[in-house]
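Asker: Provided herewith: protein-v9.pdb, PDB, C-alpha atoms, pLDDT in the B column.
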ATOM      1  CA  MET A   1      19.957 -47.383-126.448  1.00 50.00           C
ATOM      2  CA  ILE A   2      17.058 -47.534-123.982  1.00 54.00           C
ATOM      3  CA  LEU A   3      13.816 -49.245-124.805  1.00 54.00           C
ATOM      4  CA  ASN A   4      11.163 -49.314-122.133  1.00 57.00           C
ATOM      5  CA  GLU A   5       9.726 -52.687-121.251  1.00 51.00           C
ATOM      6  CA  LEU A   6       6.508 -52.543-123.182  1.00 61.00           C
ATOM      7  CA  PRO A   7       4.947 -55.430-125.037  1.00 61.00           C
ATOM      8  CA  PRO A   8       5.426 -55.345-128.815  1.00 66.00           C
ATOM      9  CA  PHE A   9       2.873 -53.152-130.518  1.00 71.00           C
ATOM     10  CA  LYS A  10       0.308 -54.863-132.704  1.00 78.00           C
ATOM     11  CA  SER A  11       1.077 -52.971-135.886  1.00 78.00           C
ATOM     12  CA  GLN A  12      -2.326 -53.692-137.426  1.00 88.00           C
ATOM     13  CA  VAL A  13      -3.987 -51.486-134.763  1.00 93.00           C
ATOM     14  CA  THR A  14      -1.155 -48.962-134.376  1.00 95.00           C
ATOM     15  CA  ALA A  15      -0.823 -45.611-136.129  1.00 97.00           C
ATOM     16  CA  ALA A  16       2.227 -43.356-136.034  1.00 97.00           C
ATOM     17  CA  LEU A  17       2.149 -39.593-136.426  1.00 97.00           C
ATOM     18  CA  THR A  18       4.637 -37.246-138.055  1.00 94.00           C
ATOM     19  CA  GLY A  19       4.591 -33.639-139.132  1.00 91.00           C
ATOM     20  CA  HIS A  20       6.403 -30.363-139.332  1.00 84.00           C
ATOM     21  CA  ARG A  21       7.484 -28.423-136.275  1.00 79.00           C
ATOM     22  CA  ALA A  22       6.490 -25.074-137.762  1.00 76.00           C
ATOM     23  CA  LEU A  23       2.769 -24.937-138.476  1.00 83.00           C
ATOM     24  CA  PRO A  24       0.979 -22.163-140.350  1.00 80.00           C
ATOM     25  CA  ARG A  25      -1.493 -19.972-138.498  1.00 89.00           C
ATOM     26  CA  THR A  26      -4.162 -21.577-140.679  1.00 89.00           C
ATOM     27  CA  PHE A  27      -3.427 -25.084-139.348  1.00 87.00           C
ATOM     28  CA  ASP A  28      -6.798 -26.763-138.861  1.00 92.00           C
ATOM     29  CA  ASP A  29      -6.919 -28.520-135.476  1.00 94.00           C
ATOM     30  CA  GLU A  30     -10.515 -29.585-136.067  1.00 96.00           C
ATOM     31  CA  LYS A  31      -9.561 -31.312-139.334  1.00 96.00           C
ATOM     32  CA  LEU A  32      -6.738 -33.059-137.480  1.00 96.00           C
ATOM     33  CA  LYS A  33      -9.147 -34.223-134.787  1.00 98.00           C
ATOM     34  CA  ARG A  34     -11.693 -35.438-137.399  1.00 97.00           C
ATOM     35  CA  THR A  35      -8.947 -37.341-139.222  1.00 97.00           C
ATOM     36  CA  LEU A  36      -7.752 -38.999-136.012  1.00 98.00           C
ATOM     37  CA  ARG A  37     -11.340 -39.915-135.092  1.00 98.00           C
ATOM     38  CA  GLU A  38     -11.748 -41.513-138.552  1.00 98.00           C
ATOM     39  CA  VAL A  39      -8.481 -43.446-138.102  1.00 98.00           C
ATOM     40  CA  ALA A  40      -9.673 -44.701-134.726  1.00 98.00           C
ATOM     41  CA  GLY A  41     -12.984 -45.631-136.340  1.00 97.00           C
ATOM     42  CA  ARG A  42     -11.056 -47.888-138.719  1.00 97.00           C
ATOM     43  CA  GLY A  43      -9.876 -49.930-135.724  1.00 96.00           C
ATOM     44  CA  PHE A  44      -6.649 -48.173-134.808  1.00 97.00           C
ATOM     45  CA  GLU A  45      -6.315 -48.239-131.021  1.00 96.00           C
ATOM     46  CA  ILE A  46      -2.692 -47.227-130.414  1.00 96.00           C
ATOM     47  CA  PHE A  47      -1.108 -43.958-131.488  1.00 97.00           C
ATOM     48  CA  LEU A  48       2.645 -43.324-131.414  1.00 96.00           C
ATOM     49  CA  VAL A  49       3.519 -39.626-131.084  1.00 97.00           C
ATOM     50  CA  GLY A  50       7.100 -38.343-131.380  1.00 95.00           C
ATOM     51  CA  MET A  51       6.618 -35.498-128.869  1.00 95.00           C
ATOM     52  CA  ALA A  52       8.256 -32.731-130.932  1.00 92.00           C
ATOM     53  CA  VAL A  53       6.999 -29.156-130.847  1.00 92.00           C
ATOM     54  CA  GLY A  54       4.482 -28.401-133.588  1.00 93.00           C
ATOM     55  CA  PHE A  55       2.410 -31.109-135.242  1.00 95.00           C
ATOM     56  CA  ASP A  56       3.224 -33.760-132.628  1.00 96.00           C
ATOM     57  CA  THR A  57       1.967 -31.507-129.845  1.00 96.00           C
ATOM     58  CA  HIS A  58      -1.234 -30.674-131.742  1.00 96.00           C
ATOM     59  CA  ALA A  59      -1.806 -34.356-132.534  1.00 97.00           C
ATOM     60  CA  PHE A  60      -1.282 -35.431-128.923  1.00 98.00           C
ATOM     61  CA  ARG A  61      -3.761 -32.813-127.692  1.00 97.00           C
ATOM     62  CA  ALA A  62      -6.332 -33.899-130.296  1.00 98.00           C
ATOM     63  CA  LEU A  63      -5.921 -37.555-129.320  1.00 98.00           C
ATOM     64  CA  ASP A  64      -6.191 -36.649-125.644  1.00 98.00           C
ATOM     65  CA  GLU A  65      -9.443 -34.783-126.350  1.00 98.00           C
ATOM     66  CA  LEU A  66     -10.789 -37.827-128.197  1.00 98.00           C
ATOM     67  CA  LYS A  67      -9.955 -39.986-125.178  1.00 97.00           C
ATOM     68  CA  GLU A  68     -11.754 -37.502-122.921  1.00 96.00           C
ATOM     69  CA  GLU A  69     -14.776 -37.831-125.228  1.00 96.00           C
ATOM     70  CA  GLY A  70     -14.774 -41.582-124.594  1.00 96.00           C
ATOM     71  CA  LEU A  71     -12.800 -42.968-127.538  1.00 96.00           C
ATOM     72  CA  ASP A  72     -11.015 -46.145-126.439  1.00 96.00           C
ATOM     73  CA  ILE A  73      -7.478 -45.371-127.644  1.00 97.00           C
ATOM     74  CA  LYS A  74      -3.984 -45.385-126.159  1.00 96.00           C
ATOM     75  CA  ILE A  75      -1.379 -42.688-126.715  1.00 97.00           C
ATOM     76  CA  TYR A  76       2.285 -43.602-126.446  1.00 96.00           C
ATOM     77  CA  ALA A  77       4.973 -40.935-126.275  1.00 96.00           C
ATOM     78  CA  ALA A  78       7.834 -42.040-128.540  1.00 95.00           C
ATOM     79  CA  ILE A  79      10.670 -40.055-126.993  1.00 93.00           C
ATOM     80  CA  PRO A  80      13.940 -40.006-128.932  1.00 92.00           C
ATOM     81  CA  CYS A  81      16.059 -39.073-125.893  1.00 91.00           C
ATOM     82  CA  LEU A  82      15.453 -38.289-122.236  1.00 89.00           C
ATOM     83  CA  ASP A  83      16.583 -34.686-122.686  1.00 90.00           C
ATOM     84  CA  GLN A  84      14.412 -34.038-125.756  1.00 89.00           C
ATOM     85  CA  ALA A  85      12.754 -30.993-124.187  1.00 91.00           C
ATOM     86  CA  SER A  86      15.976 -29.408-122.915  1.00 90.00           C
ATOM     87  CA  ARG A  87      16.135 -27.048-125.913  1.00 87.00           C
ATOM     88  CA  PHE A  88      12.427 -26.178-125.843  1.00 91.00           C
ATOM     89  CA  THR A  89      11.158 -22.812-124.637  1.00 94.00           C
ATOM     90  CA  GLN A  90       9.908 -22.861-121.053  1.00 96.00           C
ATOM     91  CA  LYS A  91       6.294 -22.777-122.238  1.00 95.00           C
ATOM     92  CA  SER A  92       6.873 -25.655-124.689  1.00 93.00           C
ATOM     93  CA  LYS A  93       8.725 -27.648-122.022  1.00 95.00           C
ATOM     94  CA  GLU A  94       5.820 -27.267-119.596  1.00 96.00           C
ATOM     95  CA  GLU A  95       3.381 -28.434-122.294  1.00 96.00           C
ATOM     96  CA  TYR A  96       5.693 -31.348-123.167  1.00 95.00           C
ATOM     97  CA  ASP A  97       5.851 -32.423-119.516  1.00 96.00           C
ATOM     98  CA  ARG A  98       2.060 -32.162-119.210  1.00 97.00           C
ATOM     99  CA  LEU A  99       1.493 -34.252-122.331  1.00 97.00           C
ATOM    100  CA  VAL A 100       4.050 -36.913-121.407  1.00 96.00           C
ATOM    101  CA  SER A 101       2.329 -37.248-118.028  1.00 96.00           C
ATOM    102  CA  ARG A 102      -0.964 -37.893-119.852  1.00 97.00           C
ATOM    103  CA  ALA A 103       0.494 -40.597-122.119  1.00 96.00           C
ATOM    104  CA  ASP A 104      -0.549 -44.193-121.587  1.00 94.00           C
ATOM    105  CA  GLY A 105       3.089 -45.149-121.873  1.00 93.00           C
ATOM    106  CA  LYS A 106       6.385 -43.866-123.100  1.00 91.00           C
ATOM    107  CA  ILE A 107       9.196 -45.305-125.116  1.00 91.00           C
ATOM    108  CA  VAL A 108      12.595 -43.664-124.617  1.00 91.00           C
ATOM    109  CA  LEU A 109      15.177 -44.614-127.213  1.00 88.00           C
ATOM    110  CA  TYR A 110      18.344 -42.835-126.026  1.00 86.00           C
ATOM    111  CA  GLU A 111      19.589 -41.386-122.783  1.00 83.00           C
ATOM    112  CA  LYS A 112      20.711 -38.044-124.198  1.00 80.00           C
ATOM    113  CA  PHE A 113      20.862 -36.084-127.398  1.00 81.00           C
ATOM    114  CA  ASP A 114      24.135 -35.159-128.991  1.00 69.00           C
ATOM    115  CA  ASP A 115      24.895 -33.640-132.370  1.00 63.00           C
ATOM    116  CA  ASN A 116      26.208 -36.963-133.693  1.00 57.00           C
ATOM    117  CA  SER A 117      23.211 -38.891-132.416  1.00 64.00           C
ATOM    118  CA  GLU A 118      20.574 -40.176-134.784  1.00 85.00           C
ATOM    119  CA  CYS A 119      17.994 -40.406-132.014  1.00 86.00           C
ATOM    120  CA  MET A 120      15.326 -38.469-133.951  1.00 88.00           C
ATOM    121  CA  LEU A 121      15.790 -40.682-137.016  1.00 89.00           C
ATOM    122  CA  VAL A 122      15.740 -43.820-134.851  1.00 91.00           C
ATOM    123  CA  ARG A 123      12.538 -42.581-133.146  1.00 92.00           C
ATOM    124  CA  ASN A 124      10.854 -41.982-136.511  1.00 94.00           C
ATOM    125  CA  ARG A 125      11.852 -45.406-137.823  1.00 94.00           C
ATOM    126  CA  PHE A 126      10.726 -47.053-134.570  1.00 93.00           C
ATOM    127  CA  MET A 127       7.283 -45.516-134.987  1.00 95.00           C
ATOM    128  CA  VAL A 128       6.947 -46.622-138.624  1.00 96.00           C
ATOM    129  CA  ASP A 129       8.335 -50.095-137.856  1.00 94.00           C
ATOM    130  CA  ASN A 130       5.639 -50.590-135.226  1.00 93.00           C
ATOM    131  CA  ALA A 131       2.660 -49.206-137.154  1.00 96.00           C
ATOM    132  CA  SER A 132       0.577 -50.023-140.200  1.00 96.00           C
ATOM    133  CA  LEU A 133      -0.588 -46.459-140.792  1.00 97.00           C
ATOM    134  CA  LEU A 134       1.211 -43.117-140.764  1.00 98.00           C
ATOM    135  CA  VAL A 135      -0.767 -39.914-140.250  1.00 98.00           C
ATOM    136  CA  ALA A 136       1.327 -37.048-141.602  1.00 96.00           C
ATOM    137  CA  TYR A 137       1.117 -33.295-141.861  1.00 94.00           C
ATOM    138  CA  TYR A 138       3.366 -32.728-144.842  1.00 88.00           C
ATOM    139  CA  ARG A 139       3.804 -29.634-146.993  1.00 81.00           C
ATOM    140  CA  GLY A 140       6.266 -31.224-149.420  1.00 77.00           C
ATOM    141  CA  GLY A 141      10.005 -31.208-149.819  1.00 73.00           C
ATOM    142  CA  THR A 142      12.689 -33.854-149.650  1.00 74.00           C
ATOM    143  CA  GLN A 143      14.618 -32.776-146.564  1.00 78.00           C
ATOM    144  CA  GLY A 144      13.829 -33.026-142.866  1.00 78.00           C
ATOM    145  CA  GLY A 145      12.413 -35.551-140.471  1.00 78.00           C
ATOM    146  CA  THR A 146       8.870 -35.535-141.834  1.00 89.00           C
ATOM    147  CA  ALA A 147      10.019 -36.141-145.417  1.00 91.00           C
ATOM    148  CA  HIS A 148      12.381 -38.908-144.335  1.00 93.00           C
ATOM    149  CA  THR A 149       9.676 -40.558-142.222  1.00 95.00           C
ATOM    150  CA  ILE A 150       7.198 -40.496-145.106  1.00 96.00           C
ATOM    151  CA  HIS A 151       9.757 -41.921-147.543  1.00 95.00           C
ATOM    152  CA  TYR A 152      10.661 -44.649-145.043  1.00 97.00           C
ATOM    153  CA  ALA A 153       6.965 -45.537-144.620  1.00 97.00           C
ATOM    154  CA  GLU A 154       6.535 -45.642-148.413  1.00 97.00           C
ATOM    155  CA  LYS A 155       9.495 -48.042-148.724  1.00 97.00           C
ATOM    156  CA  LYS A 156       7.931 -50.291-146.089  1.00 96.00           C
ATOM    157  CA  GLY A 157       4.532 -50.212-147.791  1.00 96.00           C
ATOM    158  CA  ILE A 158       2.833 -48.460-144.868  1.00 96.00           C
ATOM    159  CA  GLU A 159      -0.408 -46.633-145.654  1.00 97.00           C
ATOM    160  CA  ILE A 160      -0.073 -42.862-145.300  1.00 97.00           C
ATOM    161  CA  VAL A 161      -2.880 -40.436-144.522  1.00 97.00           C
ATOM    162  CA  THR A 162      -1.702 -36.922-145.344  1.00 93.00           C
ATOM    163  CA  LEU A 163      -3.301 -33.788-143.948  1.00 90.00           C
TER
END
Go ahead and render the structure in this file as structure tokens.
Answerer:
Amino acid sequence: MILNELPPFKSQVTAALTGHRALPRTFDDEKLKRTLREVAGRGFEIFLVGMAVGFDTHAFRALDELKEEGLDIKIYAAIPCLDQASRFTQKSKEEYDRLVSRADGKIVLYEKFDDNSECMLVRNRFMVDNASLLVAYYRGGTQGGTAHTIHYAEKKGIEIVTL
């Protein structure tokens, strides 16, 4: 396992983000941005984003826009494995590379993905373990990374803001 040399996150000012990869056409980016602005207004300064296609990408862009507007926040790319984007479409890979380059820091947990690897699960748990708030786009269900991340946060007593 790889863990970049970053200082420990102060969980009381750190929020993690999780959500589905497939978003409906009606997904409200402005509501997401308002929610993230409200979270930052509550004193959250650090945001951990898992860098998956879908919600993570939308959340990173919204946070980046808030930074451009002058909000004093830091965005950390929580990358499960160095080759995370290798299965992305070319367009998604280019966006991933652009966003990672805009991050204030990155945490890489594994060198490479393999079918037996739990790197996505480890990434999700890392984010929850280092945060005191989870912002989630969740449409229900008991299976998948978003559901597991929410259930893990509930077990740990982490506050969850659901979009």
Asker: Produce a table with one row for each residue of region 2-121 of chain A that has an atom at most 6 Å from any atom of region 136-154 of chain A, each row naming the nearest atom pair and its distance in Å at one decimal; use all atoms listed in the file; arrange rows by chain and rising residue number; format as JSON lines.
Answerer:
{"residue": "A:Leu17", "atom": "CA", "partner": "A:Ala136", "partner_atom": "CA", "distance": 5.8}
{"residue": "A:Thr18", "atom": "CA", "partner": "A:Ala136", "partner_atom": "CA", "distance": 4.9}
{"residue": "A:Gly19", "atom": "CA", "partner": "A:Tyr137", "partner_atom": "CA", "distance": 4.4}
Asker: Have a look at A:Lys67, A:Pro80, A:Val13, A:Asp28 and name the one nearest to Glu118 (chain A); count only C-alpha atoms.
Answerer: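 Using only C-alpha atoms, Glu118 (chain A) sits closest to A:Pro80.
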Asker: Would you mind telling me which residue in A:Asp83, A:Asp64, A:Glu45, A:Asp72 lies nearest to Arg98 (chain A) when using only C-alpha atoms?
Answerer: A:Asp64
Asker: Take the PyMOL selection byres ((chain A and resi 82) around 7), apply it to the structure above, and return the hits as a list in words.
Answerer: Ile79, Cys81, Asp83, Gln84, Val108, Tyr110, Glu111 and Lys112 of chain A
Asker: For this file, the PyMOL selection byres ((chain A and resi 39) around 12) selects which residues, as a ChimeraX atom specification?
Answerer: /A:12-17,32-38,40-47,63,66,71,73,132-135,159-162
Asker: Please, what distance in Å, to one decimal, runs between CA of Leu163 (chain A) and CA of Asp56 (chain A)?
Answerer: 13.1 Å
Asker: Residues picked by the PyMOL selection byres ((chain A and resi 57) around 12) here, as JSON, numbers by chain?
Answerer: {"A": [17, 18, 19, 20, 21, 22, 23, 29, 32, 48, 49, 50, 51, 52, 53, 54, 55, 56, 58, 59, 60, 61, 62, 63, 64, 77, 92, 93, 94, 95, 96, 97, 98, 99, 100]}
Asker: Please put the answer as JSON: centre and edge lengths, in Å with one decimal, of a box along x, y and z that encloses all listed atoms of region 69-81 of chain A plus 6 Å on each side.
Answerer:
{"center_x": 0.6, "center_y": -42.0, "center_z": -126.8, "size_x": 42.8, "size_y": 20.3, "size_z": 16.3}
Asker: Within 8 Å of (4.5, -53.9, -133.8) (coordinates as in the file), grab all the protein and nucleic acid residues, counting all atoms listed in the file, and write them out as a compact mmCIF listing (two decimals) with C-alpha atoms, keeping the file's coordinate frame.
Answerer:
# COMPACT_ATOMS: atom_id res chain seq x y z
CA PRO A 8 5.43 -55.34 -128.82
CA PHE A 9 2.87 -53.15 -130.52
CA LYS A 10 0.31 -54.86 -132.70
CA SER A 11 1.08 -52.97 -135.89
CA GLN A 12 -2.33 -53.69 -137.43
CA THR A 14 -1.16 -48.96 -134.38
CA ASP A 129 8.34 -50.10 -137.86
CA ASN A 130 5.64 -50.59 -135.23
CA ALA A 131 2.66 -49.21 -137.15
Asker: Any idea what the distance is between CA of Thr89 (chain A) and CA of Lys31 (chain A)?
Answerer: 26.8 Å
Asker: How far is it from CA of Arg123 (chain A) to CA of Gly157 (chain A), in Å with one decimal?
Answerer: 18.4 Å
Asker: Using all atoms listed in the file, which of the listed residues (A:Arg25, A:Ala78, A:Lys91, A:Lys155) sits closest to Met120 (chain A)?
Answerer: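 Of A:Arg25, A:Ala78, A:Lys91, A:Lys155, the one nearest Met120 (chain A), counting all atoms listed in the file, is A:Ala78.
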